[in-house]
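Trainee: Pasting a structure below so you can have a look.
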Amino acid sequence: MARIIILVAQDFQDLEVLYPYHRLKEEGHDVLLLGMGEKTYKGKYGYPVQSDGDILTDVQADAIIIPGGWAPDFLRRSAQAIILVQRMDKEKKPIAAICHGGWLLCSAGILKGRRATSFFAIKDDMQNAGADWVDKEVCVDKNLITSRKPDDLGAFCKAILAQLPK
C-alpha cells in the first residue's frame, strides 16, 4: 500500500483534510498528517487534527495532498514545503491540490505548461504561475491532480486513488 502525506497548517479546510484522510485509510493506505512544527492544528471550522510530524523531517511518500483553506498561504512561506512539492514533482509522484492548495503549487514553480484547476478566487495566481486553468471538478495532468472545492472531493479522491501504487 502507498504512503501519503497530507499537509496541514493553521486554518486548513476541514473537509479537505478529513475526507481524503479517511477515504485513503479506508483503502488501507498509510496516511500521515505533516505540519509546520505544531502538534495540533485547527481547521477553518474549528476541527482539530494531530500532526504525525512536520515537513522538516525527510519522510518518504508515494503521494502528497495539499488541502485548501488558509493553510496553503502559510505553507507556501515554508522553504521545506516548497522543496517537498518540487521533489515529489521531479520524482513524478502524485501531487494533489484542492481549493487554495494551488497557492503552494504556484510558489513551488511547477505549474508552467500544466493544466490545473483551483478555487476560482486563485485562478489569476494559477495562470500567472503558468497553468492552463480549467473550471472542472477534477483535472489530471500527468502526476498533478487538482480540484476546486469541497463539493469535488469524491472525484478528487477517485483521481488520487487511480494514481497510487497498488
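Residues are named by chain letter and number: chains run A, B, ... in the order of the C-alpha cells, numbers start at 1 in each chain, and ligands are numbered from 1 in the order shown.
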So that I can check the secondary structure, give me every residue of segment 66-117 of chain A assigned strand (DSSP E or B) by backbone DSSP, as an MDAnalysis selection string.
Mentor: chainID A and resid 66 69 95:98 115:116
Trainee: Print the selection's residues with N, CA and C atoms to a file, as a tab-separated table (two decimals), in the first residue's frame.
Mentor:
```tsv
chain	number	residue	atom	x	y	z
A	66	ILE	N	-2.42	18.49	-0.83
A	66	ILE	CA	-2.38	19.86	-0.31
A	66	ILE	C	-3.82	20.36	-0.24
A	69	GLY	N	-8.30	25.96	2.22
A	69	GLY	CA	-8.49	26.82	3.37
A	69	GLY	C	-7.42	27.89	3.31
A	95	ILE	N	0.85	14.54	-6.95
A	95	ILE	CA	0.69	15.75	-6.15
A	95	ILE	C	-0.76	16.18	-6.35
A	96	ALA	N	-1.53	16.19	-5.27
A	96	ALA	CA	-2.96	16.52	-5.36
A	96	ALA	C	-3.22	17.78	-4.54
A	97	ALA	N	-3.79	18.80	-5.19
A	97	ALA	CA	-4.10	20.06	-4.51
A	97	ALA	C	-5.56	20.42	-4.78
A	98	ILE	N	-6.24	20.86	-3.74
A	98	ILE	CA	-7.64	21.25	-3.89
A	98	ILE	C	-7.83	22.65	-3.33
A	115	ARG	N	-2.03	21.78	-17.13
A	115	ARG	CA	-3.47	22.04	-16.94
A	115	ARG	C	-3.79	21.82	-15.48
A	116	ALA	N	-4.55	22.73	-14.92
A	116	ALA	CA	-4.91	22.62	-13.50
A	116	ALA	C	-6.18	23.41	-13.23
```
Trainee: Which residues come within 7 Å of segment 56-65 of chain A, counting only C-alpha atoms, excluding same-chain residues fewer than 4 positions away, as a list in words?
Mentor: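 Counting only the stated atoms, we get Ala2, Arg3, Ile4, Ile5, Ile6, Leu7, Gln80, Lys93, Pro94, Ile95, Ala96 and Ala97 of chain A.
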Trainee: Residues within 10 Å of Asp151 of chain A, please, as a ChimeraX atom specification. Count only C-alpha atoms; anything in the same chain fewer than 5 positions from it doesn't count.
Mentor: /A:15-16,137,156
Trainee: Enumerate the residues of segment 34-130 of chain A with a DSSP assignment of alpha helix (DSSP H), computed from the backbone, and present them as a ChimeraX atom specification.
Mentor: /A:71-75,79-90,102-108,123-128
Trainee: With C-alpha atoms retained, export the selected residues as an mmCIF file, in the first residue's frame.
Mentor:
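Below is the file that was written, result_32.cif:
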```cif
data_model
loop_
_atom_site.group_PDB
_atom_site.id
_atom_site.type_symbol
_atom_site.label_atom_id
_atom_site.label_comp_id
_atom_site.auth_asym_id
_atom_site.auth_seq_id
_atom_site.Cartn_x
_atom_site.Cartn_y
_atom_site.Cartn_z
ATOM 1 C CA ALA A 71 -3.310 26.802 5.317
ATOM 2 C CA PRO A 72 -1.673 26.977 1.855
ATOM 3 C CA ASP A 73 -0.893 30.654 2.429
ATOM 4 C CA PHE A 74 1.199 29.584 5.442
ATOM 5 C CA LEU A 75 2.645 26.506 3.741
ATOM 6 C CA ALA A 79 11.042 26.628 2.028
ATOM 7 C CA GLN A 80 10.728 22.990 3.173
ATOM 8 C CA ALA A 81 7.142 22.728 1.876
ATOM 9 C CA ILE A 82 8.229 24.135 -1.480
ATOM 10 C CA ILE A 83 11.209 21.771 -1.672
ATOM 11 C CA LEU A 84 8.975 18.811 -0.780
ATOM 12 C CA VAL A 85 6.493 19.617 -3.571
ATOM 13 C CA GLN A 86 9.305 20.184 -6.068
ATOM 14 C CA ARG A 87 10.924 16.872 -5.097
ATOM 15 C CA MET A 88 7.655 14.978 -5.460
ATOM 16 C CA ASP A 89 7.127 16.532 -8.891
ATOM 17 C CA LYS A 90 10.677 15.720 -10.013
ATOM 18 C CA GLY A 102 -2.875 25.647 -5.698
ATOM 19 C CA TRP A 103 -1.074 28.512 -3.955
ATOM 20 C CA LEU A 104 1.661 26.100 -2.866
ATOM 21 C CA LEU A 105 1.916 24.776 -6.441
ATOM 22 C CA CYS A 106 2.393 28.379 -7.644
ATOM 23 C CA SER A 107 5.159 29.005 -5.134
ATOM 24 C CA ALA A 108 6.838 25.686 -5.980
ATOM 25 C CA LYS A 123 -7.449 31.452 -10.913
ATOM 26 C CA ASP A 124 -5.275 34.506 -11.719
ATOM 27 C CA ASP A 125 -2.495 33.253 -9.415
ATOM 28 C CA MET A 126 -2.553 29.857 -11.117
ATOM 29 C CA GLN A 127 -2.486 31.399 -14.595
ATOM 30 C CA ASN A 128 0.274 33.837 -13.645
#
```
Trainee: Within 12 Å of Lys149 of chain A, counting only C-alpha atoms, which residues qualify if same-chain residues fewer than 2 places away don't, as a ChimeraX atom specification?
Mentor: /A:13-17,67-69,97-102,117-122,135-138,146-147,151-156
Trainee: Output C-alpha atoms for every residue in the selection just made, as a PDB file, in the first residue's frame.
Mentor:
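For reference, selection17.pdb as written:
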```pdb
ATOM      1  CA  GLN A  13     -10.268  23.476   5.130  1.00  0.00           C
ATOM      2  CA  ASP A  14     -11.653  20.813   7.471  1.00  0.00           C
ATOM      3  CA  LEU A  15     -13.355  18.587   4.878  1.00  0.00           C
ATOM      4  CA  GLU A  16     -10.387  18.775   2.500  1.00  0.00           C
ATOM      5  CA  VAL A  17      -8.188  17.151   5.148  1.00  0.00           C
ATOM      6  CA  PRO A  67      -5.776  20.844   1.109  1.00  0.00           C
ATOM      7  CA  GLY A  68      -7.187  24.339   0.883  1.00  0.00           C
ATOM      8  CA  GLY A  69      -8.490  26.816   3.370  1.00  0.00           C
ATOM      9  CA  ALA A  97      -4.103  20.057  -4.508  1.00  0.00           C
ATOM     10  CA  ILE A  98      -7.639  21.245  -3.888  1.00  0.00           C
ATOM     11  CA  CYS A  99      -9.154  24.697  -3.471  1.00  0.00           C
ATOM     12  CA  HIS A 100      -6.472  27.179  -2.318  1.00  0.00           C
ATOM     13  CA  GLY A 101      -3.892  24.358  -2.277  1.00  0.00           C
ATOM     14  CA  GLY A 102      -2.875  25.647  -5.698  1.00  0.00           C
ATOM     15  CA  THR A 117      -7.941  23.877 -11.622  1.00  0.00           C
ATOM     16  CA  SER A 118      -8.490  25.501  -8.233  1.00  0.00           C
ATOM     17  CA  PHE A 119     -10.958  27.601  -6.317  1.00  0.00           C
ATOM     18  CA  PHE A 120     -11.931  30.380  -8.727  1.00  0.00           C
ATOM     19  CA  ALA A 121     -10.531  33.108  -6.439  1.00  0.00           C
ATOM     20  CA  ILE A 122      -6.946  31.997  -7.169  1.00  0.00           C
ATOM     21  CA  ASP A 135     -13.053  25.024 -14.441  1.00  0.00           C
ATOM     22  CA  LYS A 136     -13.901  21.375 -13.726  1.00  0.00           C
ATOM     23  CA  GLU A 137     -14.293  19.189 -10.650  1.00  0.00           C
ATOM     24  CA  VAL A 138     -11.001  17.403 -11.159  1.00  0.00           C
ATOM     25  CA  THR A 146      -6.276  19.399  -8.859  1.00  0.00           C
ATOM     26  CA  SER A 147      -9.831  20.187  -7.777  1.00  0.00           C
ATOM     27  CA  ASP A 151     -18.022  19.553  -3.441  1.00  0.00           C
ATOM     28  CA  ASP A 152     -15.378  17.969  -5.714  1.00  0.00           C
ATOM     29  CA  LEU A 153     -13.869  15.698  -3.048  1.00  0.00           C
ATOM     30  CA  GLY A 154     -15.415  12.490  -4.427  1.00  0.00           C
ATOM     31  CA  ALA A 155     -13.870  12.966  -7.882  1.00  0.00           C
ATOM     32  CA  PHE A 156     -10.644  14.280  -6.304  1.00  0.00           C
TER      33      PHE A 156
END
```
Trainee: Could you name the residues that touch Lys158 of chain A at 10 Å or less, counting only C-alpha atoms, but leaving out those on the same chain fewer than 6 positions away, as a PyMOL selection string?
Mentor: chain A and resi 20+23-24+138
Trainee: Could you take the residues named above and write them with N, CA and C atoms, as a PDB file, in the first residue's frame?
Mentor:
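Output (result.pdb):
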```pdb
ATOM      1  N   PRO A  20     -10.209  13.085   2.468  1.00  0.00           N
ATOM      2  CA  PRO A  20      -9.151  12.241   1.883  1.00  0.00           C
ATOM      3  C   PRO A  20      -8.457  11.366   2.925  1.00  0.00           C
ATOM      4  N   ARG A  23     -10.834   8.452   3.608  1.00  0.00           N
ATOM      5  CA  ARG A  23     -11.077   7.679   2.379  1.00  0.00           C
ATOM      6  C   ARG A  23      -9.850   6.840   2.027  1.00  0.00           C
ATOM      7  N   LEU A  24      -8.661   7.417   2.132  1.00  0.00           N
ATOM      8  CA  LEU A  24      -7.445   6.693   1.780  1.00  0.00           C
ATOM      9  C   LEU A  24      -7.088   5.642   2.827  1.00  0.00           C
ATOM     10  N   VAL A 138     -12.339  17.957 -11.345  1.00  0.00           N
ATOM     11  CA  VAL A 138     -11.001  17.403 -11.159  1.00  0.00           C
ATOM     12  C   VAL A 138     -10.260  17.513 -12.483  1.00  0.00           C
TER      13      VAL A 138
END
```
Trainee: Could you list, as a list in words, every residue within 7 Å of Leu111 of chain A, counting only C-alpha atoms and ignoring same-chain residues fewer than 6 positions away?
Mentor: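 Counting only the stated atoms, we get Leu105, Ala129, Gly130 and Ala131 of chain A.
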Trainee: Using only C-alpha atoms for the distances, tell me which of A:Gly46, A:Glu91, A:Gly113, A:Ser51 is nearest to Leu32 of chain A.
Mentor: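 Looking at the shortest contact to Leu32 of chain A, the residue is A:Ser51.
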Trainee: Could you work out how far atom CA of Asp141 of chain A lies from atom CA of Leu33 of chain A, giving the answer in Å with one decimal?
Mentor: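 The value is 24.5 Å.
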